[in-house]
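Engineer: One structure, pasted below without further comment.
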Number of protein chains: 2
Amino acid sequence: MLTDRQLLILHAIVDDYIRSAEPVGSRSISKREDITFSPATIRNDMADLEELGFLEKPHSSAGRIPSQKGYRYYVDHMLMPHDLTDDEQADMRTIFSDRMQEIEQVIQQSARLLSNMTSYISIVLGPEMFEARLRSIQIIPLAKGSAILILVTDTGHVENQTIQLPESIDASDIERVVNILNDRLMGVPLFKLRQKLNTEVSKVMRAHVTNYEQVLQSLQTSLTTERPEKVFYSGKTNLLSQPEFRDVDKVRMLLNMLEEDQMMQQILRAPHQGIQVKIGQENNLEAFDSCSMITATYSIGGKHMGTIGILGPTRMEYRRVIGVVDSVSKDLTKLLTNLYQER
Amino acid sequence: MLTDRQLLILHAIVDDYIRSAEPVGSRSISKREDITFSPATIRNDMADLEELGFLEKPHSSAGRIPSQKGYRYYVDHMLMPHDLTDDEQADMRTIFSDRMQEIEQVIQQSARLLSNMTSYISIVLGPEMFEARLRSIQIIPLAKGSAILILVTDTGHVENQTIQLPESIDASDIERVVNILNDRLMGVPLFKLRQKLNTEVSKVMRAHVTNYEQVLQSLQTSLTTERPEKVFYSGKTNLLSQPEFRDVDKVRMLLNMLEEDQMMQQILRAPHQGIQVKIGQENNLEAFDSCSMITATYSIGGKHMGTIGILGPTRMEYRRVIGVVDSVSKDLTKLLTNLYQER
DNA sequence: TTTAGCACTCGTTCATGTTGAGTGCTAACA
DNA sequence: TGTTAGCACTCAACATGAACGAGTGCTAAA
């Protein structure tokens, strides 16, 4: 196992490197207030730490930098996540107290808050729609032959799309359709909509609505189109301020990866309790090799909704970021639960 | 005025520079098939063109590059915008034929299409809500004390936000409120909603709804919150492939500017007919000094809706881009008119 | 009016030398 | 036996300067 001195040195190196982004030498460590050993002693321990895989050398005459394993150890065993400052808490309250918002806005605001507080990229995976239940369905005629279909879920999510209707249909027909749909589909999980439509609704419609086939057809296409969850980002430009991303090609690779919505969803979807920290290659994505991701989940009344987090360089201020992600996810959960949970 | 030969040379230089991003020398010009003069002759004309302000030299022993005035002349007098290839037209039809979409999706798709076709950044200013008229208003109760307010405009735009309601209110009250609102506010331009609410609606509500003050209050805050138009971008990462943006700081400055929504709206709002080309400093924005912007407007049934365009380096393929922006804006107008105009 | 010739300019590239931060090893010390 | 001082060695970063070559402007000839 590591000696106390080795721990102290490892801690110091990670801290210093996170601050400066420069390889850390034995001399500069020895000058720290909390270190009382000579550079030579430190060098010996550094050599040991390197052998154990906690440190690496960019080249033979440079200082050391933490390896992935080093960061991991730092995060798992040395980290005292630190609370938000008063200013930060005030910021957060301001944003979360402005209540009149679309749910998507709330989520985007949270993302913006995260990126502002951390100066890294924030990532938010939108609420999972899969299990959400239908709360209300509306059809608003627009032009002849077209209308807007609006779905509202019990989680407060509103979705709309234009649909085609037979030109012959009239207002009272539409009203009847809407009534039938609300009557039969209220409370049905979105993923079961299609099935219910075919079984229950279809029969009733035949009895009450002229031209019901075309309407049904339209509804079917609309209701079964995939509702991909969205991934929101904020602060992408923050990346450009990080010294490890002076290289335009690296930036491009990373930003391109972020635009692969499917890939990102897959990575983010994995639900987990509390704070998850993925360092470097733990993400299993070449483009993220020199990045870490810190995520938490948010929920409504205990029901898992989505993921919120930070993407930054592996050389990240874990201490602060973990605190921030934790607070924001908890506050977001509280806010959403307040707004949308049935009591 | 410019001689024919000078025109030819200017044209050749701009073309070459747009292709290569390298200063163009007299020798390489003389090798072109359409040029029959010797390098020396060309040098003389280049010197003249420089004196007249159409060209500039990065330094004394480099070739020439077009100045802003040079690009302007090129765009105004030498450009034959060119039609889309069959492939491009096919792409466009595919995207625009998929009809079941939210209006915002249509617009975002258009943006994506533009950036894909041009490899520059596309910019779309969302539909102007100011004059849109209310088509329908719905209130969907969610939890005790909160509900979702949904507005639909005649342009097919759907907006939703959560509102607070007095806990005592019941379903039939809400139904009455919704009926009153639809009855009195249908067809009212959004910017007049507040006023109408105070005059007409308030009286009627008093007569029919218990607790109407609180409801009215909630509606007022909701209906009068500003509805800022959104600016959509697509292809921001394309920027990073352009040689003039190898410099991370330049990229950062530009991307930061794009996030200034207000500023961008102001720039984009200015309505205009046909295609507008703004070159370099004509944008009056330092961050855009080395960029050009090509914009067109889109409309629904002749009613101005928003702006769509491309942002790229001044060294831009004007010929192609102008054609693309023109086609996309026209097709978008056609599609939206089809979907949303009352006939 | 056009072009060939030539001296000149200036950024780019490459080889070379210098500097200094940092290491590893050895030997002395507590 | 653990700690430290001393010293030779390594290597990226930086500076210097020579060679190169793309391109120019000017002059004089065609």
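Chain identifiers are assigned as A, B, and so on, following the order in which chains appear in the structure tokens; residues are numbered from 1 within each chain, and ligands are numbered from 1 in order of appearance.
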Compile the residues of chain C that lie within 8 Å of chain A, evaluated using only C-alpha atoms (C1' of nucleotides), and express the compilation as JSON, numbers by chain.

Structural biologist: {"C": [21, 22, 23]}

Engineer: Would you list the contacts of DC29 of chain C as a list in words, taking every protein, DNA or RNA residue within 12 Å and counting only C-alpha atoms (C1' of nucleotides), but skipping same-chain residues closer than 3 positions in sequence?

Structural biologist: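 Counting only the stated atoms, we get DT1, DG2, DT3, DT4 and DA5 of chain D.
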
Engineer: Please return, as a VMD selection string, all residues of segment 73-179 of chain B that DSSP assigns to alpha helix (DSSP H) on the basis of the backbone.

Structural biologist: chain B and resid 73 86 to 97 103 to 118 171 to 179

Engineer: Can you write just those residues out, C-alpha atoms, as a PDB file, in the first residue's frame?

Structural biologist:
ATOM      1  CA  TYR B  73     -17.174  43.820 -56.589  1.00  0.00           C
ATOM      2  CA  ASP B  86     -29.436  17.174 -59.101  1.00  0.00           C
ATOM      3  CA  ASP B  87     -28.089  15.491 -56.000  1.00  0.00           C
ATOM      4  CA  GLU B  88     -28.575  18.589 -53.945  1.00  0.00           C
ATOM      5  CA  GLN B  89     -32.082  19.036 -55.186  1.00  0.00           C
ATOM      6  CA  ALA B  90     -32.829  15.432 -54.337  1.00  0.00           C
ATOM      7  CA  ASP B  91     -31.498  15.904 -50.810  1.00  0.00           C
ATOM      8  CA  MET B  92     -33.659  18.906 -50.375  1.00  0.00           C
ATOM      9  CA  ARG B  93     -36.783  17.207 -51.539  1.00  0.00           C
ATOM     10  CA  THR B  94     -36.195  14.303 -49.189  1.00  0.00           C
ATOM     11  CA  ILE B  95     -35.972  16.532 -46.180  1.00  0.00           C
ATOM     12  CA  PHE B  96     -38.841  18.769 -47.103  1.00  0.00           C
ATOM     13  CA  SER B  97     -41.160  15.947 -48.029  1.00  0.00           C
ATOM     14  CA  ILE B 103     -42.683  23.738 -37.088  1.00  0.00           C
ATOM     15  CA  GLU B 104     -39.521  24.169 -35.080  1.00  0.00           C
ATOM     16  CA  GLN B 105     -38.253  20.906 -36.443  1.00  0.00           C
ATOM     17  CA  VAL B 106     -38.906  22.021 -39.984  1.00  0.00           C
ATOM     18  CA  ILE B 107     -36.844  25.081 -39.326  1.00  0.00           C
ATOM     19  CA  GLN B 108     -34.066  23.217 -37.625  1.00  0.00           C
ATOM     20  CA  GLN B 109     -33.974  20.725 -40.460  1.00  0.00           C
ATOM     21  CA  SER B 110     -33.618  23.563 -42.893  1.00  0.00           C
ATOM     22  CA  ALA B 111     -30.704  24.866 -40.910  1.00  0.00           C
ATOM     23  CA  ARG B 112     -29.068  21.475 -40.889  1.00  0.00           C
ATOM     24  CA  LEU B 113     -29.648  21.114 -44.600  1.00  0.00           C
ATOM     25  CA  LEU B 114     -28.002  24.448 -45.258  1.00  0.00           C
ATOM     26  CA  SER B 115     -24.943  23.694 -43.206  1.00  0.00           C
ATOM     27  CA  ASN B 116     -24.564  20.254 -44.707  1.00  0.00           C
ATOM     28  CA  MET B 117     -24.780  21.556 -48.228  1.00  0.00           C
ATOM     29  CA  THR B 118     -22.349  24.387 -47.706  1.00  0.00           C
ATOM     30  CA  ALA B 171     -62.065  21.059 -13.524  1.00  0.00           C
ATOM     31  CA  SER B 172     -65.293  22.723 -14.566  1.00  0.00           C
ATOM     32  CA  ASP B 173     -63.908  26.128 -13.626  1.00  0.00           C
ATOM     33  CA  ILE B 174     -60.917  25.492 -15.821  1.00  0.00           C
ATOM     34  CA  GLU B 175     -63.124  24.399 -18.654  1.00  0.00           C
ATOM     35  CA  ARG B 176     -65.095  27.592 -18.381  1.00  0.00           C
ATOM     36  CA  VAL B 177     -61.932  29.675 -18.307  1.00  0.00           C
ATOM     37  CA  VAL B 178     -60.629  27.933 -21.396  1.00  0.00           C
ATOM     38  CA  ASN B 179     -63.883  28.461 -23.198  1.00  0.00           C
TER      39      ASN B 179
END

Engineer: Give me, as a Markdown table, each residue of chain B that comes within 9 Å of chain A, together with its shortest interatomic pair and the distance in Å at one decimal, counting only C-alpha atoms, with rows ordered by chain and rising residue number.

Structural biologist:
| residue | atom | partner | partner_atom | distance |
| --- | --- | --- | --- | --- |
| B:Arg99 | CA | A:Thr162 | CA | 7.7 |
| B:Met100 | CA | A:Thr162 | CA | 5.6 |
| B:Gln101 | CA | A:Gln161 | CA | 5.0 |
| B:Glu102 | CA | A:Gln161 | CA | 4.2 |
| B:Ile103 | CA | A:Gln161 | CA | 7.4 |
| B:Arg135 | CA | A:Leu142 | CA | 8.0 |
| B:Ser136 | CA | A:Ile140 | CA | 7.1 |
| B:Gln138 | CA | A:Gln138 | CA | 8.7 |
| B:Ile140 | CA | A:Ser136 | CA | 7.1 |
| B:Pro141 | CA | A:Arg135 | CA | 8.8 |
| B:Leu142 | CA | A:Tyr340 | CA | 6.3 |
| B:Ala143 | CA | A:Glu342 | CA | 4.5 |
| B:Lys144 | CA | A:Arg343 | CA | 6.5 |
| B:Gly145 | CA | A:Leu339 | CA | 8.7 |
| B:Ser146 | CA | A:Leu339 | CA | 6.6 |
| B:Ala147 | CA | A:Gly156 | CA | 8.3 |
| B:Ile148 | CA | A:Gly156 | CA | 7.1 |
| B:Ile150 | CA | A:Val158 | CA | 8.5 |
| B:Val152 | CA | A:Ile140 | CA | 7.9 |
| B:Thr153 | CA | A:Leu142 | CA | 8.9 |
| B:Asp154 | CA | A:Leu142 | CA | 6.7 |
| B:Thr155 | CA | A:Leu142 | CA | 8.2 |
| B:Gly156 | CA | A:Leu142 | CA | 7.0 |
| B:Val158 | CA | A:Asn160 | CA | 7.0 |
| B:Glu159 | CA | A:Glu102 | CA | 8.4 |
| B:Asn160 | CA | A:Glu102 | CA | 5.9 |
| B:Gln161 | CA | A:Glu102 | CA | 4.2 |
| B:Thr162 | CA | A:Met100 | CA | 5.6 |
| B:Ile163 | CA | A:Met100 | CA | 6.0 |
| B:Gln164 | CA | A:Met100 | CA | 8.1 |
| B:Thr221 | CA | A:Met100 | CA | 8.3 |
| B:Ser222 | CA | A:Met100 | CA | 6.9 |
| B:Thr225 | CA | A:Met100 | CA | 8.8 |
| B:Thr237 | CA | A:Arg252 | CA | 6.3 |
| B:Asn238 | CA | A:Arg252 | CA | 8.5 |
| B:Leu240 | CA | A:Arg252 | CA | 6.5 |
| B:Ser241 | CA | A:Arg252 | CA | 8.1 |
| B:Phe245 | CA | A:Val248 | CA | 8.6 |
| B:Arg246 | CA | A:Val248 | CA | 6.3 |
| B:Asp247 | CA | A:Val248 | CA | 7.6 |
| B:Val248 | CA | A:Arg246 | CA | 6.3 |
| B:Asp249 | CA | A:Leu240 | CA | 7.6 |
| B:Val251 | CA | A:Leu240 | CA | 8.2 |
| B:Arg252 | CA | A:Thr237 | CA | 6.2 |
| B:Leu255 | CA | A:Thr237 | CA | 6.7 |
| B:Asn256 | CA | A:Thr237 | CA | 7.0 |
| B:Asn338 | CA | A:Ala143 | CA | 8.7 |
| B:Leu339 | CA | A:Ser146 | CA | 6.6 |
| B:Tyr340 | CA | A:Ala143 | CA | 5.8 |
| B:Gln341 | CA | A:Ala143 | CA | 6.0 |
| B:Glu342 | CA | A:Ala143 | CA | 4.6 |
| B:Arg343 | CA | A:Ala143 | CA | 6.5 |

Engineer: May I ask which of the residues A:Ile294, A:Val325, A:Ile121, A:Ile42 is the closest one to chain D, counting only C-alpha atoms (C1' of nucleotides)?

Structural biologist: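 Closest to chain D of all the choices is A:Ile42.
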
Engineer: Mind checking DSSP for segment 192-267 of chain A and telling me the strand (DSSP E or B) residues as number ranges by chain?

Structural biologist: A: 231-234

Engineer: Excluding Pro243 of chain A and any residue of its chain fewer than 6 positions from it, enumerate the residues within 12 Å of it, using only C-alpha atoms (C1' of nucleotides), and give them as number ranges by chain.

Structural biologist: A: 18-22, 250-251, 290, 312-316; B: 248-249

Engineer: Check every residue of chain D for an atom within 12 Å of chain B, counting only C-alpha atoms (C1' of nucleotides), and provide those that qualify as a PyMOL selection string.

Structural biologist: chain D and resi 21-26

Engineer: Quick one: residues within 12 Å of Val201 of chain A, only C-alpha atoms (C1' of nucleotides) counted, chain neighbours fewer than 4 positions away excluded, as a list in words?

Structural biologist: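 Answer for this query is Arg176, Val177, Val178, Asn179, Ile180, Leu181, Asn182, Asp183, Arg184, Leu185, Met186, Leu193, Arg194, Gln195, Lys196, Leu197, Met205, Arg206, Ala207, His208, Val209, Tyr212, Glu213, Val215, Leu216, Leu219 and Gln220 of chain A.
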
Engineer: Could you please determine the separation between atom C1' of DC7 of chain D and atom C1' of DT16 of chain C in Å, to one decimal place?

Structural biologist: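 If I compute the distance from atom C1' of DC7 of chain D to atom C1' of DT16 of chain C, I get 26.6 Å.
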